[in-house]
Every structure is written in structure tokens, then in C-alpha cells.
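Please read the structure below before turning to the comments.
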Amino acid sequence: AHYDHLGVKDGEIYFGADDNASGVAALFYVADYFKKNKPNYTLIFAAFDCEENGIKGAQYFVANLNEQGVILNINMDMISRSVSKEIYACGTRYTHELKPILQMLNDSTPNVHLNFGHDGLKIGEQDWTYSSDHGPFHKKGIPFIYFGVEDHPDYHRPTDSFDKVDTEFYSNVVGMILGFVKKMDDKTEHE
């Protein structure tokens, strides 16, 4: 998740509650879970800078990976509000085997509709493949799942504030994402 936002412009504060305090808070939540429940695999929790200014933090990270590398990137960027209760899991076009796991979690998550797409398959659809910090991972051949909602009226505006967060939707989305990370960490899933 990226922790930067637009800052202050013309004396107005751009709070970035959804973009992307929502992703960073979810990152902390998932990290706290695995602090208390030792993972089977090595997990790296990274909050990147300069996403809003050319995805530079993630590019630097990927350029400096050690030889063991990373086998999956999970990116959370704008996950706390959707009038239609929809969130996208972008990236299954490139890693098909992740889609059934995500669909199963969606089926057991209340008040959230998980959509797939925005990864260049449908004509006329926005392609999010390189739109956030998962882009440099994909470019290096590392599978990714990008969780995010579609743009809303407060996207990149000072009005992207905490009072607009749909706390029930957000809580359910974060629970679903944690469930996905737990599934990816489950050795029995990969034997």
C-alpha cells in the first residue's frame, strides 16, 4: 500500500482517507494478525512512497530485490468506499489460479461484491495493470492482485476524508483481504 497522497495544494489539505490511508491501515491490520500468528512463509509488509508521483517507491523496491525475490504482490489502494459495495481484484487475467480462491472468499464475505477485471481483457475497460504499486512487480514478472474500488467523486480531492469511509464495507473488505493472505500462506494450499 502507498502512504503518500497529494499533500497541501493552494492552502487546501488533501486528506487521502481512501487514497490511500485505507490501504495502509489494512496493511497494518494484516501485519498485526501475522505478528500474533506466525506465517508459514516470509511476508514483507511494505508501505511505499511516491505512488502519486510516478510509482517511484515500488519501482525502487523491485529494482533492488534480492535473488530470492517475491512470489506474489498484494496491493491495496483505495479500498474503503463504494456506493455499489464493489471492489476489484485486478490481476487474475495474468494468474488465473488465484481467481477461484478469491471467488470463494467473496462468496463468504457479507455486503461486498468482488469483481474481476480492469486488467486489460475487456475492450474499452480501464486497464489498471500499471496504475499503482503493483505495476513494477508485474513488469518484473511477479504475479499480483490489486484490490481497489473504482474512482469516486472525492478521488484526488480535499473531500477524500474519513467521514466518507463506509466502515462496514471497509471492515468486510479488509477481512476478505486478510482471508486471501492467509490462504496464500497456507502450505496445504500449495502442496
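Residue names in the C-alpha cells use chain letters A, B, ... in the order shown, residue numbers from 1 in each chain, and ligand numbers from 1 in the order shown.
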
With segment 141-158 of chain A as the partner and 6 Å as the cut-off, tabulate the residues of segment 18-105 of chain A that qualify, each row holding the nearest pair of atoms and their distance in Å to one decimal, using only C-alpha atoms, sorted by chain and rising number, as CSV.
```
residue,atom,partner,partner_atom,distance
A:Leu72,CA,A:Pro143,CA,5.1
A:Asn73,CA,A:Phe144,CA,4.5
A:Ile74,CA,A:Ile145,CA,5.0
A:Asn75,CA,A:Tyr146,CA,4.7
A:Met76,CA,A:Phe147,CA,4.9
A:Asp77,CA,A:Gly148,CA,5.3
A:Met78,CA,A:Gly148,CA,5.1
A:Ile79,CA,A:Gly148,CA,5.1
A:Ile87,CA,A:Val149,CA,4.8
A:Tyr88,CA,A:Gly148,CA,5.4
A:Ala89,CA,A:Phe147,CA,4.8
A:Cys90,CA,A:Tyr146,CA,5.0
A:Gly91,CA,A:Ile145,CA,5.0
```

Inset, instruction - Can you check which residues of segment 8-156 of chain A DSSP gives as strand (DSSP E or B) on the backbone and send them as a VMD selection string? - result: chain A and resid 8 to 9 12 to 14 48 73 to 76 86 to 90 113 to 116 144 to 148

Give me, as an mmCIF file with C-alpha atoms, in the first residue's frame, all polymer residues having an atom no more than 10 Å from Ala46 of chain A, counting only C-alpha atoms and skipping those fewer than 4 positions away in the same chain.
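Just written: around-v2.cif:
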```
data_model
loop_
_atom_site.group_PDB
_atom_site.id
_atom_site.type_symbol
_atom_site.label_atom_id
_atom_site.label_comp_id
_atom_site.auth_asym_id
_atom_site.auth_seq_id
_atom_site.Cartn_x
_atom_site.Cartn_y
_atom_site.Cartn_z
ATOM 1 C CA ALA A 1 0.000 0.000 0.000
ATOM 2 C CA HIS A 2 1.263 3.511 -0.643
ATOM 3 C CA TYR A 3 1.324 6.001 2.196
ATOM 4 C CA VAL A 24 -2.087 1.473 4.776
ATOM 5 C CA LEU A 27 -1.641 -3.288 5.741
ATOM 6 C CA PHE A 28 -1.129 -2.626 9.471
ATOM 7 C CA ALA A 31 0.690 -7.283 9.680
ATOM 8 C CA GLY A 57 8.905 3.821 -4.251
ATOM 9 C CA ALA A 58 7.677 0.499 -5.654
ATOM 10 C CA PHE A 61 11.929 -1.668 -4.198
ATOM 11 C CA ASN A 75 -1.522 -4.242 -3.337
#
```

Inset, instruction - Give the alpha helix (DSSP H) residues of segment 35-122 of chain A, as assigned by DSSP on the backbone, as a PyMOL selection string. - result: chain A and resi 35-36+56-63+99-107

Legend entry - For Lys187 of chain A, the nearest of the candidates A:Thr129, A:Asn40, A:Ser22, A:Asn106, counting only C-alpha atoms: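 Closest residue, counting only C-alpha atoms: A:Asn40.
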
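Atom CA of Leu102 of chain A to atom CA of Ile55 of chain A spans 25.9 Å [interatomic distance, one decimal].
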
Inset, instruction - Please provide the set of residues having any atom within 12 Å of Asp163 of chain A, restricted to only C-alpha atoms, with same-chain residues fewer than 5 positions apart removed, written as a list in words. - result: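 My reading of the contact set: Phe15, Gly16, Ala17, Asp18, Ser80, Arg81 and Asp154 of chain A.
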